[in-house]
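Below is one structure, written out as structure tokens, with a few remarks after it.
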Amino acid sequence: MQQKIWTLAFLVFISATDVFSQNPVKIGVGYKQKGIISYYTERFSNRETASGEKFDNNDLVGSHPKLPFNSKVKITNLGNSKTVVIRVNDRGPYAYGRIMDISLAAAKKIDLIATGTAKVELEVLSMGESATTPVLATEKEEIKSNDKHNPAKNLATSNNNADYAVGNTYTPKGEMVDPIGFGLQVGAFNDIKTARTHCAHLVAAGFGSEKMFIQVGLDAQKMKKFKVLVGEFEDKIQCESLKNRLLMQKFNSFPQKHER
């Protein structure tokens, strides 16, 4: 009798597991999603979005990895219950673990500026014109989708500048990261390969235990610039000790805020 009970319980468990693993999440009106969001800084103003529009930080717009363009999304800041409705006009975000980036104007409405990031709940109010049929995805497919939009994947050996997105920060191994506070900039280069070589020189000089970052930006001619930063500190004062050590090894540096 006891064996039958255990057998029955096992079959119930297998059946329940099968149901939950195959239960699709419908991405459509009423769909909700919780996660971390951030906002676009001013350097993204007037850039072309994935939808072809020019990005305007004064509009209530944002990016999402899969919602059709022109979808309307209600965003609720779970920290203060403030809400804003934005329109999806771009793809992203490209910072691992985040579910959406929103414009500066939208960020102000939910008090996101002070914190930089916040946990929110998204609710789809309407699907954009480009929607044809609802997107179906299991929980595992949701994770895969987020990974697919994370350009940190498979960059360990890539020295192709095009693989590195402006506004993102990477480790010398090509992993995308989101450092906070300040680091010490020890160089700025025109290509990722040279930036990586400089990181190798720092390691050889005894700085292998320090955090190293390659920050991708634009120079005055709108060409990609790969800045090498060392360290992750709360403020500029905490950088001084490392700055002096770098100088002793002939590396000039200056404090630089980690862009987010």
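To be explicit about the labels: the chains of the structure tokens are called A, B, and onward in the order shown, and within each one the residues are counted from 1, while ligands get numbers from 1 in the order they are shown.
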
Strand (DSSP E) positions in segment 24-250 of chain A, given as a PyMOL selection string: chain A and resi 25-27+32-39+61-63+72-77+83-90+98-102+117-126+135-137+169-170+176-177+182-189+212-218+224-233

Which residues, written as a PyMOL selection string, have at least one atom at most 8 Å from Phe254 of chain A, with only C-alpha atoms counted and residues fewer than 6 positions away on the same chain left out? chain A and resi 184-186+243

DSSP says helix (DSSP H, G or I) for which residues of segment 161-259 of chain A? Put them as a PDB file with C-alpha atoms, in the first residue's frame?
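Contents of selection01.pdb, as written:
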ATOM      1  CA  ASN A 161      34.923  46.700 -32.971  1.00  0.00           C
ATOM      2  CA  ALA A 162      31.404  46.285 -34.357  1.00  0.00           C
ATOM      3  CA  ASP A 163      30.637  43.608 -31.755  1.00  0.00           C
ATOM      4  CA  ILE A 192      39.190  46.795 -28.856  1.00  0.00           C
ATOM      5  CA  LYS A 193      42.335  44.775 -29.567  1.00  0.00           C
ATOM      6  CA  THR A 194      44.666  47.578 -28.459  1.00  0.00           C
ATOM      7  CA  ALA A 195      42.530  48.184 -25.367  1.00  0.00           C
ATOM      8  CA  ARG A 196      42.834  44.520 -24.445  1.00  0.00           C
ATOM      9  CA  THR A 197      46.590  44.619 -24.994  1.00  0.00           C
ATOM     10  CA  HIS A 198      46.816  47.553 -22.600  1.00  0.00           C
ATOM     11  CA  CYS A 199      44.908  45.527 -20.009  1.00  0.00           C
ATOM     12  CA  ALA A 200      47.467  42.745 -20.459  1.00  0.00           C
ATOM     13  CA  HIS A 201      50.260  45.262 -19.805  1.00  0.00           C
ATOM     14  CA  LEU A 202      48.531  46.271 -16.566  1.00  0.00           C
ATOM     15  CA  VAL A 203      48.326  42.646 -15.483  1.00  0.00           C
ATOM     16  CA  ALA A 204      52.021  42.147 -16.275  1.00  0.00           C
ATOM     17  CA  ALA A 205      52.834  45.216 -14.169  1.00  0.00           C
ATOM     18  CA  GLY A 206      51.182  43.674 -11.118  1.00  0.00           C
ATOM     19  CA  PHE A 207      47.610  44.949 -11.328  1.00  0.00           C
ATOM     20  CA  ILE A 237      38.957  60.071  -3.008  1.00  0.00           C
ATOM     21  CA  GLN A 238      39.051  56.290  -2.770  1.00  0.00           C
ATOM     22  CA  CYS A 239      40.848  56.194  -6.136  1.00  0.00           C
ATOM     23  CA  GLU A 240      43.951  57.960  -4.814  1.00  0.00           C
ATOM     24  CA  SER A 241      45.801  54.939  -3.445  1.00  0.00           C
ATOM     25  CA  LEU A 242      45.476  52.995  -6.704  1.00  0.00           C
ATOM     26  CA  LYS A 243      46.324  56.130  -8.688  1.00  0.00           C
ATOM     27  CA  ASN A 244      49.638  56.446  -6.846  1.00  0.00           C
ATOM     28  CA  ARG A 245      50.443  52.774  -7.385  1.00  0.00           C
ATOM     29  CA  LEU A 246      49.730  53.099 -11.099  1.00  0.00           C
ATOM     30  CA  LEU A 247      51.944  56.161 -11.336  1.00  0.00           C
ATOM     31  CA  MET A 248      54.820  54.255  -9.740  1.00  0.00           C
TER      32      MET A 248
END

Lys119 of chain A environment, 10 Å, only C-alpha atoms, sequence neighbours closer than 2 positions dropped, as a tab-separated table (two decimals) with N, CA and C atoms, in the first residue's frame:
chain	number	residue	atom	x	y	z
A	34	LYS	N	8.01	41.64	-14.16
A	34	LYS	CA	8.74	42.36	-13.12
A	34	LYS	C	10.24	42.24	-13.35
A	35	GLY	N	10.96	43.30	-13.05
A	35	GLY	CA	12.40	43.27	-13.21
A	35	GLY	C	13.01	44.64	-13.02
A	36	ILE	N	14.29	44.74	-13.34
A	36	ILE	CA	15.05	45.97	-13.16
A	36	ILE	C	15.08	46.76	-14.46
A	37	ILE	N	14.85	48.06	-14.36
A	37	ILE	CA	14.97	48.94	-15.53
A	37	ILE	C	15.96	50.07	-15.22
A	38	SER	N	16.39	50.73	-16.28
A	38	SER	CA	17.24	51.91	-16.15
A	38	SER	C	16.78	52.92	-17.19
A	76	THR	N	5.28	50.64	-13.38
A	76	THR	CA	5.06	51.01	-11.99
A	76	THR	C	6.34	50.78	-11.20
A	77	ASN	N	6.86	51.84	-10.63
A	77	ASN	CA	8.04	51.74	-9.77
A	77	ASN	C	7.59	51.09	-8.46
A	78	LEU	N	8.07	49.88	-8.20
A	78	LEU	CA	7.63	49.15	-7.01
A	78	LEU	C	8.16	49.76	-5.72
A	79	GLY	N	9.12	50.67	-5.84
A	79	GLY	CA	9.67	51.31	-4.65
A	79	GLY	C	8.84	52.48	-4.16
A	98	ARG	N	18.47	43.38	-17.14
A	98	ARG	CA	17.46	44.44	-17.16
A	98	ARG	C	16.40	44.13	-18.21
A	99	ILE	N	15.18	44.56	-17.94
A	99	ILE	CA	14.09	44.22	-18.83
A	99	ILE	C	13.66	45.38	-19.71
A	112	LEU	N	13.18	57.85	-11.05
A	112	LEU	CA	14.24	56.88	-11.32
A	112	LEU	C	15.62	57.53	-11.39
A	117	THR	N	18.57	52.87	-11.28
A	117	THR	CA	17.83	51.65	-11.63
A	117	THR	C	16.73	51.46	-10.59
A	121	GLU	N	7.19	46.94	-12.28
A	121	GLU	CA	6.29	46.00	-12.95
A	121	GLU	C	5.83	46.63	-14.25
A	122	LEU	N	5.98	45.90	-15.34
A	122	LEU	CA	5.51	46.35	-16.64
A	122	LEU	C	4.15	45.71	-16.91

Point-to-point distance in Å for atom CA of Lys54 of chain A and atom CA of Val216 of chain A: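 So the answer is 20.8 Å.
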
Please compute the atom CA of Leu218 of chain A-atom CA of Glu259 of chain A distance, one decimal, in Å.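 Computed distance, atom CA of Leu218 of chain A to atom CA of Glu259 of chain A, equals 12.6 Å.
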
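Counting only C-alpha atoms and comparing A:Tyr40, A:Phe69, A:Phe233, A:Tyr31, the residue that lies closest to Pro179 of chain A is A:Phe233.
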
From the set A:Ala50, A:Val228, A:Ile180, A:Ile110, which residue has the shortest atom-to-atom contact distance to His258 of chain A, counting only C-alpha atoms?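 Once distances to His258 of chain A are computed over only C-alpha atoms, the minimum belongs to A:Ile180.
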
Taking 5 positions as the minimum chain separation for residues in the same chain, which residues sit within 10 Å of Glu42 of chain A when counting only C-alpha atoms? Answer as a PDB file with N, CA and C atoms, in the first residue's frame.
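Once everything was written out, this is out-v8.pdb:
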ATOM      1  N   ASP A  56      14.460  60.651 -28.792  1.00  0.00           N
ATOM      2  CA  ASP A  56      14.253  61.932 -28.122  1.00  0.00           C
ATOM      3  C   ASP A  56      14.021  61.657 -26.637  1.00  0.00           C
ATOM      4  N   ASN A  57      14.961  62.108 -25.802  1.00  0.00           N
ATOM      5  CA  ASN A  57      14.875  61.853 -24.368  1.00  0.00           C
ATOM      6  C   ASN A  57      13.739  62.615 -23.701  1.00  0.00           C
ATOM      7  N   SER A 103      13.150  56.521 -21.410  1.00  0.00           N
ATOM      8  CA  SER A 103      13.702  57.853 -21.642  1.00  0.00           C
ATOM      9  C   SER A 103      13.868  58.618 -20.337  1.00  0.00           C
ATOM     10  N   LEU A 104      14.647  59.690 -20.424  1.00  0.00           N
ATOM     11  CA  LEU A 104      14.878  60.544 -19.260  1.00  0.00           C
ATOM     12  C   LEU A 104      13.572  61.142 -18.759  1.00  0.00           C
TER      13      LEU A 104
END

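Coordinates place atom CA of Gln256 of chain A at a distance of 29.2 Å from atom CA of His64 of chain A.
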